[in-house]
Amino acid sequence: METKNSFNSSISAKISANEAIEKISKIPEWWGVTFSGNSEKQNDKFVVRMTGDSYFNFTVAELIPGKKVVWLVTDCNMPWYSDKKEWTNTKLIFDLAENNGETTLNFIHEGLTPEVECYKDCETGWTHWIKTSLFSYLVAGKGVFREPTK
């Protein structure tokens with residue numbers, strides 16, 4: 001799948017890369033969703049629910065301690081879009097690099113490109129969840145929640 005036009009966002013925080021990965025896997029702490037399942041180890045499966053009957057099924061497809069986490073969307077229902085399965089087979093990639101006690105996180109939603117229907121809403125959402133909420137959780141221990149966009 002193409003990553004060059006896919007949504008991406010970067011943040012840096014004074015935290016170790018291993019600690020950042022640990023915090024990323026604590027999804028309810030930074031992403032304003034209902035969460036069930038496990039997200040700490042490779043091949044773990046989890047479900048994220050937003051409003052109504054929306055859901056996103058994920059598998060931890062790759063986990064390299066201190067370096068990278070990849071979540072594969074195995075199924076989803078986005079009732080507010082004409083393509084309700086738009087995120088299926090897309091990947092959420094968290095690439096980390098630690099340097100002098102600071103970790104830079106580059107987040108890519110592979111497959112979320114400007115051509116897809118949800119891009120405009122999802123771009124706004126991801127920018128908040130990564131740059132504001134996840135950043136706050138990494139540095140202050142608390143995410144910044146907001147009303148769902150849909």
# chains A, B, ... in the order shown; residues from 1 in each chain; ligands from 1
$ select_by_dssp --residues "segment 23-53 of chain A" --states "helix (DSSP H, G or I)" --output "ChimeraX atom specification"
/A:23-24,27-29
$ write_last_selection --atoms "C-alpha atoms" --output "short mmCIF file (atom, residue, chain, number, x, y, z; two decimals), in the first residue's frame"
data_model
loop_
_atom_site.label_atom_id
_atom_site.label_comp_id
_atom_site.auth_asym_id
_atom_site.auth_seq_id
_atom_site.Cartn_x
_atom_site.Cartn_y
_atom_site.Cartn_z
CA LYS A 23 1.60 4.36 26.38
CA ILE A 24 0.47 4.12 22.72
CA ILE A 27 -5.55 3.34 23.70
CA PRO A 28 -8.41 4.55 25.97
CA GLU A 29 -5.97 6.91 27.72
#
$ select_by_dssp --residues "segment 52-102 of chain A" --states "strand (DSSP E or B)" --output "NGL selection string"
:A and (55-64 or 68-77 or 91-99 or 102)
$ residues_around --residues "Ala97 of chain A" --least-positions-apart "3" --cutoff "8 Å" --atoms "only C-alpha atoms" --output "ChimeraX atom specification"
/A:17,66-67,103-105
$ write_last_selection --atoms "N, CA and C atoms" --output "compact mmCIF listing (two decimals), in the first residue's frame"
# COMPACT_ATOMS: atom_id res chain seq x y z
N ALA A 17 11.56 5.63 24.07
CA ALA A 17 10.75 5.02 23.01
C ALA A 17 9.98 3.83 23.55
N GLY A 66 10.70 -0.38 21.20
CA GLY A 66 11.49 0.85 21.09
C GLY A 66 11.58 1.43 19.69
N LYS A 67 10.94 0.79 18.70
CA LYS A 67 11.09 1.25 17.31
C LYS A 67 9.78 1.48 16.57
N THR A 103 12.04 11.20 22.36
CA THR A 103 11.57 10.28 21.32
C THR A 103 10.72 11.05 20.32
N THR A 104 11.03 10.84 19.05
CA THR A 104 10.22 11.40 17.97
C THR A 104 9.33 10.27 17.46
N LEU A 105 8.05 10.57 17.40
CA LEU A 105 7.06 9.62 16.90
C LEU A 105 6.54 10.14 15.57
$ residues_around --residues "Ala61 of chain A" --least-positions-apart "3" --cutoff "7 Å" --atoms "only C-alpha atoms" --output "PDB file with all heavy atoms, in the first residue's frame"
ATOM      1  N   GLN A  42       2.515  -8.369  19.753  1.00  0.00           N
ATOM      2  CA  GLN A  42       2.277  -8.723  18.360  1.00  0.00           C
ATOM      3  C   GLN A  42       1.192  -9.799  18.281  1.00  0.00           C
ATOM      4  O   GLN A  42       1.151 -10.703  19.116  1.00  0.00           O
ATOM      5  CB  GLN A  42       3.569  -9.224  17.711  1.00  0.00           C
ATOM      6  CG  GLN A  42       3.394  -9.419  16.211  1.00  0.00           C
ATOM      7  CD  GLN A  42       4.669  -9.189  15.438  1.00  0.00           C
ATOM      8  OE1 GLN A  42       5.530  -8.416  15.840  1.00  0.00           O
ATOM      9  NE2 GLN A  42       4.781  -9.844  14.313  1.00  0.00           N
ATOM     10  N   ASN A  43       0.319  -9.660  17.299  1.00  0.00           N
ATOM     11  CA  ASN A  43      -0.829 -10.550  17.046  1.00  0.00           C
ATOM     12  C   ASN A  43      -1.994 -10.344  18.003  1.00  0.00           C
ATOM     13  O   ASN A  43      -3.010 -11.022  17.871  1.00  0.00           O
ATOM     14  CB  ASN A  43      -0.421 -12.031  17.010  1.00  0.00           C
ATOM     15  CG  ASN A  43       0.613 -12.287  15.924  1.00  0.00           C
ATOM     16  OD1 ASN A  43       0.493 -11.765  14.822  1.00  0.00           O
ATOM     17  ND2 ASN A  43       1.638 -13.049  16.250  1.00  0.00           N
ATOM     18  N   VAL A  70       2.688  -1.420  14.483  1.00  0.00           N
ATOM     19  CA  VAL A  70       1.797  -1.340  13.326  1.00  0.00           C
ATOM     20  C   VAL A  70       0.493  -2.049  13.679  1.00  0.00           C
ATOM     21  O   VAL A  70       0.505  -3.203  14.099  1.00  0.00           O
ATOM     22  CB  VAL A  70       2.423  -1.996  12.069  1.00  0.00           C
ATOM     23  CG1 VAL A  70       1.449  -1.935  10.893  1.00  0.00           C
ATOM     24  CG2 VAL A  70       3.743  -1.333  11.707  1.00  0.00           C
ATOM     25  N   TRP A  71      -0.620  -1.315  13.519  1.00  0.00           N
ATOM     26  CA  TRP A  71      -1.948  -1.896  13.720  1.00  0.00           C
ATOM     27  C   TRP A  71      -2.625  -2.012  12.368  1.00  0.00           C
ATOM     28  O   TRP A  71      -2.742  -1.027  11.641  1.00  0.00           O
ATOM     29  CB  TRP A  71      -2.815  -0.996  14.601  1.00  0.00           C
ATOM     30  CG  TRP A  71      -2.304  -0.770  15.985  1.00  0.00           C
ATOM     31  CD1 TRP A  71      -1.430  -1.556  16.689  1.00  0.00           C
ATOM     32  CD2 TRP A  71      -2.646   0.316  16.859  1.00  0.00           C
ATOM     33  NE1 TRP A  71      -1.218  -1.018  17.939  1.00  0.00           N
ATOM     34  CE2 TRP A  71      -1.958   0.129  18.063  1.00  0.00           C
ATOM     35  CE3 TRP A  71      -3.487   1.413  16.729  1.00  0.00           C
ATOM     36  CZ2 TRP A  71      -2.072   1.003  19.136  1.00  0.00           C
ATOM     37  CZ3 TRP A  71      -3.603   2.296  17.789  1.00  0.00           C
ATOM     38  CH2 TRP A  71      -2.904   2.088  18.976  1.00  0.00           C
ATOM     39  N   LEU A  72      -3.083  -3.221  12.032  1.00  0.00           N
ATOM     40  CA  LEU A  72      -3.812  -3.466  10.797  1.00  0.00           C
ATOM     41  C   LEU A  72      -5.306  -3.439  11.087  1.00  0.00           C
ATOM     42  O   LEU A  72      -5.763  -4.100  12.021  1.00  0.00           O
ATOM     43  CB  LEU A  72      -3.416  -4.834  10.222  1.00  0.00           C
ATOM     44  CG  LEU A  72      -4.250  -5.323   9.017  1.00  0.00           C
ATOM     45  CD1 LEU A  72      -4.007  -4.442   7.796  1.00  0.00           C
ATOM     46  CD2 LEU A  72      -3.921  -6.782   8.720  1.00  0.00           C
TER      47      LEU A  72
END
$ closest_residue --among "A:Phe46, A:Glu102, A:Ser54, A:Phe7" --to "Thr124 of chain A" --atoms "only C-alpha atoms"
A:Phe7
$ residues_around --residues "Lys142 of chain A" --least-positions-apart "6" --cutoff "10 Å" --atoms "only C-alpha atoms" --output "PyMOL selection string"
chain A and resi 29-30+133-136
$ write_last_selection --atoms "C-alpha atoms" --output "short mmCIF file (atom, residue, chain, number, x, y, z; two decimals), in the first residue's frame"
data_model
loop_
_atom_site.label_atom_id
_atom_site.label_comp_id
_atom_site.auth_asym_id
_atom_site.auth_seq_id
_atom_site.Cartn_x
_atom_site.Cartn_y
_atom_site.Cartn_z
CA GLU A 29 -5.97 6.91 27.72
CA TRP A 30 -5.41 9.06 24.62
CA SER A 133 -4.09 14.07 22.99
CA LEU A 134 -1.31 11.48 22.57
CA PHE A 135 1.33 14.19 23.04
CA SER A 136 -0.36 15.29 26.28
#
$ atom_distance --atom1 "atom CA of Glu117 of chain A" --atom2 "atom CA of Trp31 of chain A"
21.4 Å
$ atom_distance --atom1 "atom CA of Pro79 of chain A" --atom2 "atom CA of Asp53 of chain A"
7.3 Å
$ closest_residue --among "A:Ala20, A:Leu63, A:Cys76, A:Val144" --to "Glu40 of chain A" --atoms "only C-alpha atoms"
A:Leu63
$ residues_around --residues "Trp126 of chain A" --least-positions-apart "2" --cutoff "9 Å" --atoms "only C-alpha atoms" --output "VMD selection string"
chain A and resid 7 to 9 109 121 to 124 128 to 131
$ write_last_selection --atoms "N, CA and C atoms" --output "compact mmCIF listing (two decimals), in the first residue's frame"
# COMPACT_ATOMS: atom_id res chain seq x y z
N PHE A 7 -1.95 10.00 5.30
CA PHE A 7 -1.90 10.95 6.40
C PHE A 7 -0.71 10.65 7.31
N ASN A 8 0.02 11.68 7.70
CA ASN A 8 1.07 11.48 8.69
C ASN A 8 1.18 12.70 9.59
N SER A 9 1.69 12.46 10.79
CA SER A 9 1.82 13.50 11.80
C SER A 9 2.97 13.12 12.71
N HIS A 109 -1.09 6.92 8.83
CA HIS A 109 -2.26 6.07 8.59
C HIS A 109 -2.16 5.67 7.12
N ASP A 121 -12.30 14.58 7.36
CA ASP A 121 -12.67 14.39 8.77
C ASP A 121 -11.57 13.67 9.54
N CYS A 122 -11.02 12.63 8.91
CA CYS A 122 -10.01 11.82 9.59
C CYS A 122 -8.71 12.60 9.80
N GLU A 123 -8.38 13.46 8.84
CA GLU A 123 -7.19 14.31 8.99
C GLU A 123 -7.33 15.20 10.21
N THR A 124 -8.50 15.82 10.37
CA THR A 124 -8.76 16.67 11.53
C THR A 124 -8.70 15.85 12.81
N HIS A 128 -5.71 15.96 15.89
CA HIS A 128 -6.02 16.16 17.31
C HIS A 128 -5.48 14.99 18.14
N TRP A 129 -5.81 13.76 17.77
CA TRP A 129 -5.48 12.61 18.62
C TRP A 129 -3.97 12.40 18.75
N ILE A 130 -3.22 12.73 17.71
CA ILE A 130 -1.76 12.55 17.79
C ILE A 130 -1.10 13.79 18.40
N LYS A 131 -1.30 14.96 17.77
CA LYS A 131 -0.55 16.17 18.18
C LYS A 131 -1.01 16.72 19.53
$ closest_residue --among "A:Val73, A:Val116, A:Ile108, A:Val33" --to "Leu96 of chain A" --atoms "only C-alpha atoms"
A:Ile108
$ atom_distance --atom1 "atom CA of Glu19 of chain A" --atom2 "atom CA of Lys68 of chain A"
12.1 Å
